[in-house]
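Here the structure comes first, spelled out in structure tokens, and everything after it is commentary.
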Amino acid sequence: MTRKQKRLTVIAGLGAVLAVALTLILLALRDQIVFFYTPSDIHEKAVAAGTPVRLGGLVKTGSWIKNGDRTDFVVTDGTTDMTAHYTGILPDLFREGQGVVVEGAMAGDGSFAATNVLAKHDEEYMPKDVVEALKARGEWQRAGAGG
Amino acid sequence: MSIELGHFALILAVAIAAVSAVAGLAGWNRSERIALLMRQGAILQFLLVAAAFGALIQAFVTSDFSLKLAYEHSHSLQPLLFKITSVWGNHEGSMVLWIMILVLMGAAVSVFGRNLPRQLLTLVLAMQSLLVAAFGGFTLFTSNPFLRLSPAPIEGQELNPILQDIGLAIHPPLLYTGYVGFSVCFSFAIAALISGRIDAAWARWVRPWTLLSWCFLTLGIAMGSYWAYYELGWGGWWFWDPVENASFMPWLAGTALLHSALVMEKRNALKIWTIFLAIITFSLSLLGTFMVRSGILTSVHSFASDPTRGLVILVLLALFIGGAFALFAFRAPALRAGGLFAPISREGALILNNLFLATAAAAVLTGTLYPLLLEATTGKTISVGAPFFSLTFGAIMAPLLVVLPFGPFMAWKRGDLIAVTQRLAGAAGAAVFAAVLIVALTGGSISLAPLGLLLGFWVAFGAIAELVDRAGFGRMGIGQSVRRLVGLPRTSFSTALAHFGVGMSVIGIVAATAWQAELVTTMQPGESQTIGDHMVTLNGVDNLQGENFAAETGRFTVAGSGGTRQMMPERRVYEASGMPTTEAAIETYGFSQLYLQLGEASADGGRVVRVWYKPYVTLIWLGAVAMALAGFLSLTDRRLRVGAPRRVTAQAAAAE
């Protein structure tokens, strides 16, 4: 092979790998992104059952029911409530009245089946997504400072 | 008093750095003597920052809560170790640690770089000083750790309890050493671009710095992963969280740099690409450190972040990264291309390695930044979760792992693929045999997992095969082969060990993901549950008092193949902050682990308990440790030092 041919072979090889990788990334981005919704969003957009989403809001006061390792609770954004259920150990900072992000999908019966519950390891923490959603709905007040 | 002295020391260090940077960049080609000045300046910066850092540590150790930072992040009841680690468990303190390591690197270049050509040394130290001045200035103006409170509070607010852990004592310094170490490679790259001189010797000078940083980064990531695994109590070891991605991207780029610098050192090729990688690696380190710090990216476990500083950080990043790339675009075409080689050759294999690693880094970067871009442009909030990363990253890594064992067997310039395949046949056979055997023993089905396992064994056995082949086992007598093996250069061992470590990690990841068993259940005291071949019995729950926390401790007995053992997971409430944490209990059986987490009490007096059995999970981290050890081993290779130019040649070069 001449010098030019060698160089072309290398460049063609690189180009092919890059093209495949790029396609893969774009395809994965289209299929694998998970949208973040508040209970109201889920209602308005009529999210189909089984579509993985993240649900964010506050754990409604008085809604937390423990039954063995199954937990039922209500996520609220002030306007709409959404019943959610989860099996497993909840994070330490799961509290009523506190912000929460729940991963999972709508079950067929209109409730939310959670596969993962995220509550951040910080007392003052409110997931950024939740803050923004609550701000948008005029529900947001900054909690008092201090730990 | 000592706090003010520390404050002044940091100000002075930043001032000296600023002067050094300007003097070095303006005068690198005017006078030879300026190099001496730069070297002394670097040492001075180190001593001054060390004094500042020492003052902070002293204030934390003595619980001097008149220091605002100590008041906010420490508590007099904390054990001594955690008083010290509190210094960097927050934004301001971690900035000082970052700068501390930066000046340490500068001082190390100054001490070990005596043999470097003067102009190169001057430029490298000038760039290091520029970094110190910029980020030291940032610390002083926007996140000053030396602010006082008056009147001084009596008690502090305590370090975030989940950071009160031995893992945190080690993790940030390791990670930062890795991140910041790449600044030296960056400075060398900029120096090469400015001076326009770049050759194989340049690659040899940069190599120890790349290796050192890479080793520390590897250890830091592994440590962080293990810490998240046992401390966050989620039982997972990697979440593709922005914080983790931030440390992983420079690792991928750094690994590529390590390999491309080899080509440059041995064959004087790939120069422009190596320079580009050196810039990219440090840029990703900066991006990683500060994207997380600035609060631009929210993460499930980011701790010290403050959005108000974000803008300043973005401007600094844009200046350094943008400036470096502008310089690169301007100067790179002037660099001469090096040696020729066939596509099938050692160089070709290393290019392939670089291609896959760079693509993987790009994929991770895309996944990390895409939500940010989408939100900025469309206002939609999304998250790109583990499935995206597993799919793209896995798909990019798989072919890399397939071709990995071929690389070290290839000859430089022109390799023989058929001959190499023949020499690797044994390793391939052994890998297939091992994978089939394990699948048969565990009764697994044909799915992705056995293929992943096969890849892991292939890489691991391929690494061993290389050593065996080099020593000539099977081609000559045993005695002669052993002598040859012992006589092999250390770099051969380090290559094999590092690649073996990759194989170990892959095996661990596949096994722990595919064959893990999980059990979530409510247990009454005295009740037993079976997971795999282990029987877990809850004996009772005690209330204990720790140094600065109150704990509920579950007493469990685990009976199984490894004998009977006690396991005590805890739920703690820290006194000062009232914050609850979960302390998982972990028992190691060989390479596998049983992971126990205690949940809250249920209404009927039972306990929610979560148990995982994770087969071969420790291989994930042991593999990383093997890679880091391999890096250190390679650092000790005699040829590295012999290959370094003596003072005489440096002076000869300077005299040209």
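Residues in the structure tokens are named by chain (A, B, ... in the order shown) and by number from 1 within that chain; ligands are numbered from 1 in the order shown.
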
Rows by chain and residue number, chain B within 8 Å of chain A, shortest pair, only C-alpha atoms, as JSON lines:
```
{"residue": "B:Gln157", "atom": "CA", "partner": "A:Gly147", "partner_atom": "CA", "distance": 7.9}
{"residue": "B:Asn160", "atom": "CA", "partner": "A:Asp122", "partner_atom": "CA", "distance": 7.8}
{"residue": "B:Ile162", "atom": "CA", "partner": "A:His121", "partner_atom": "CA", "distance": 8.0}
{"residue": "B:Thr298", "atom": "CA", "partner": "A:Lys128", "partner_atom": "CA", "distance": 7.0}
{"residue": "B:Val300", "atom": "CA", "partner": "A:Lys120", "partner_atom": "CA", "distance": 6.3}
{"residue": "B:His301", "atom": "CA", "partner": "A:Lys120", "partner_atom": "CA", "distance": 7.4}
{"residue": "B:Leu340", "atom": "CA", "partner": "A:Arg3", "partner_atom": "CA", "distance": 7.9}
{"residue": "B:Ala342", "atom": "CA", "partner": "A:Lys6", "partner_atom": "CA", "distance": 6.4}
{"residue": "B:Pro343", "atom": "CA", "partner": "A:Val10", "partner_atom": "CA", "distance": 6.1}
{"residue": "B:Leu352", "atom": "CA", "partner": "A:Leu14", "partner_atom": "CA", "distance": 8.0}
{"residue": "B:Leu355", "atom": "CA", "partner": "A:Leu14", "partner_atom": "CA", "distance": 7.2}
{"residue": "B:Thr359", "atom": "CA", "partner": "A:Ala21", "partner_atom": "CA", "distance": 7.1}
{"residue": "B:Ala363", "atom": "CA", "partner": "A:Ile25", "partner_atom": "CA", "distance": 6.5}
{"residue": "B:Gly367", "atom": "CA", "partner": "A:Leu29", "partner_atom": "CA", "distance": 7.7}
{"residue": "B:Thr381", "atom": "CA", "partner": "A:Phe36", "partner_atom": "CA", "distance": 5.7}
{"residue": "B:Ile382", "atom": "CA", "partner": "A:Phe35", "partner_atom": "CA", "distance": 4.3}
{"residue": "B:Ser383", "atom": "CA", "partner": "A:Val34", "partner_atom": "CA", "distance": 5.2}
{"residue": "B:Val384", "atom": "CA", "partner": "A:Ile33", "partner_atom": "CA", "distance": 4.8}
{"residue": "B:Gly385", "atom": "CA", "partner": "A:Ile33", "partner_atom": "CA", "distance": 6.8}
{"residue": "B:Pro387", "atom": "CA", "partner": "A:Gln32", "partner_atom": "CA", "distance": 6.2}
{"residue": "B:Phe388", "atom": "CA", "partner": "A:Gln32", "partner_atom": "CA", "distance": 5.3}
{"residue": "B:Leu391", "atom": "CA", "partner": "A:Ala28", "partner_atom": "CA", "distance": 7.1}
{"residue": "B:Thr392", "atom": "CA", "partner": "A:Ile25", "partner_atom": "CA", "distance": 5.9}
{"residue": "B:Ile396", "atom": "CA", "partner": "A:Ala21", "partner_atom": "CA", "distance": 7.0}
{"residue": "B:Val520", "atom": "CA", "partner": "A:Gly88", "partner_atom": "CA", "distance": 5.9}
{"residue": "B:Thr521", "atom": "CA", "partner": "A:Asp69", "partner_atom": "CA", "distance": 6.0}
{"residue": "B:Thr522", "atom": "CA", "partner": "A:Gly68", "partner_atom": "CA", "distance": 5.8}
{"residue": "B:Ser577", "atom": "CA", "partner": "A:Gly147", "partner_atom": "CA", "distance": 6.3}
{"residue": "B:Met579", "atom": "CA", "partner": "A:Glu123", "partner_atom": "CA", "distance": 7.2}
{"residue": "B:Pro580", "atom": "CA", "partner": "A:Asp92", "partner_atom": "CA", "distance": 5.9}
{"residue": "B:Thr581", "atom": "CA", "partner": "A:Asp92", "partner_atom": "CA", "distance": 6.1}
{"residue": "B:Thr582", "atom": "CA", "partner": "A:Asp92", "partner_atom": "CA", "distance": 7.0}
{"residue": "B:Gly599", "atom": "CA", "partner": "A:Ile89", "partner_atom": "CA", "distance": 5.7}
{"residue": "B:Glu600", "atom": "CA", "partner": "A:Ile89", "partner_atom": "CA", "distance": 7.7}
{"residue": "B:Ser602", "atom": "CA", "partner": "A:Gly68", "partner_atom": "CA", "distance": 5.8}
{"residue": "B:Ala603", "atom": "CA", "partner": "A:Gly68", "partner_atom": "CA", "distance": 7.6}
{"residue": "B:Val608", "atom": "CA", "partner": "A:Asp69", "partner_atom": "CA", "distance": 5.9}
{"residue": "B:Val609", "atom": "CA", "partner": "A:Ile89", "partner_atom": "CA", "distance": 7.5}
{"residue": "B:Arg610", "atom": "CA", "partner": "A:Ile89", "partner_atom": "CA", "distance": 7.0}
```

Using DSSP assignments from the backbone, pull out every residue in region 315-533 of chain B that falls under helix (DSSP H, G or I) and give it to me as a PyMOL selection string. chain B and resi 315-334+346-378+386-403+406-409+417-442+448-471+478-487+490-514

Set the distance at 12 Å and use only C-alpha atoms: which residues neighbour Thr61 (chain A) once local chain neighbours fewer than 5 positions away are removed? I'd like the list as a ChimeraX atom specification. /A:73-76,78,81,94-99

What are the DSSP strand (DSSP E) residues of region 5-112 of chain A, as a PDB file with C-alpha atoms, in the first residue's frame?
```pdb
ATOM      1  CA  ILE A  33     -34.165   9.605  28.345  1.00  0.00           C
ATOM      2  CA  VAL A  34     -36.546   9.806  31.229  1.00  0.00           C
ATOM      3  CA  PHE A  35     -38.793  12.820  31.526  1.00  0.00           C
ATOM      4  CA  PHE A  36     -39.411  14.509  34.795  1.00  0.00           C
ATOM      5  CA  TYR A  37     -43.030  15.242  35.610  1.00  0.00           C
ATOM      6  CA  VAL A  53     -40.760   8.637  34.155  1.00  0.00           C
ATOM      7  CA  ARG A  54     -39.582  10.498  37.205  1.00  0.00           C
ATOM      8  CA  LEU A  55     -42.285  11.898  39.390  1.00  0.00           C
ATOM      9  CA  GLY A  56     -41.389  14.786  41.667  1.00  0.00           C
ATOM     10  CA  GLY A  57     -43.189  16.731  44.347  1.00  0.00           C
ATOM     11  CA  LEU A  58     -43.778  16.773  48.069  1.00  0.00           C
ATOM     12  CA  VAL A  59     -44.819  13.784  50.124  1.00  0.00           C
ATOM     13  CA  ILE A  65     -48.873   4.257  55.056  1.00  0.00           C
ATOM     14  CA  LYS A  66     -46.422   1.500  55.862  1.00  0.00           C
ATOM     15  CA  ASN A  67     -47.476  -2.071  55.437  1.00  0.00           C
ATOM     16  CA  ARG A  70     -44.679  -1.965  51.091  1.00  0.00           C
ATOM     17  CA  THR A  71     -45.162   1.787  51.355  1.00  0.00           C
ATOM     18  CA  ASP A  72     -48.038   3.830  50.031  1.00  0.00           C
ATOM     19  CA  PHE A  73     -47.821   7.586  49.873  1.00  0.00           C
ATOM     20  CA  VAL A  74     -49.158  10.538  47.951  1.00  0.00           C
ATOM     21  CA  VAL A  75     -46.953  12.861  45.917  1.00  0.00           C
ATOM     22  CA  THR A  76     -48.424  16.294  45.538  1.00  0.00           C
ATOM     23  CA  ASP A  81     -52.230  14.431  44.018  1.00  0.00           C
ATOM     24  CA  MET A  82     -50.789  11.170  42.801  1.00  0.00           C
ATOM     25  CA  THR A  83     -50.891   7.942  44.775  1.00  0.00           C
ATOM     26  CA  ALA A  84     -47.614   6.051  44.648  1.00  0.00           C
ATOM     27  CA  HIS A  85     -46.545   2.736  46.051  1.00  0.00           C
ATOM     28  CA  TYR A  86     -43.114   1.277  46.598  1.00  0.00           C
ATOM     29  CA  THR A  87     -41.708  -1.933  47.984  1.00  0.00           C
ATOM     30  CA  GLY A  99     -39.448  16.854  48.574  1.00  0.00           C
ATOM     31  CA  VAL A 100     -39.094  13.549  46.816  1.00  0.00           C
ATOM     32  CA  VAL A 101     -38.295  12.211  43.367  1.00  0.00           C
ATOM     33  CA  VAL A 102     -39.776   8.847  42.504  1.00  0.00           C
ATOM     34  CA  GLU A 103     -38.655   6.751  39.569  1.00  0.00           C
ATOM     35  CA  GLY A 104     -41.103   4.333  38.068  1.00  0.00           C
ATOM     36  CA  ALA A 105     -44.080   4.216  35.767  1.00  0.00           C
ATOM     37  CA  MET A 106     -47.830   4.616  35.864  1.00  0.00           C
ATOM     38  CA  PHE A 112     -47.738   5.270  40.310  1.00  0.00           C
TER      39      PHE A 112
END
```

Residues near Leu286 (chain B), cut-off 12 Å, only C-alpha atoms, skip fewer than 6 positions along chain, as a ChimeraX atom specification: /B:98,131,135,176,178-183,186,246-247,249-250,279-280,292-294,313-314,316-321
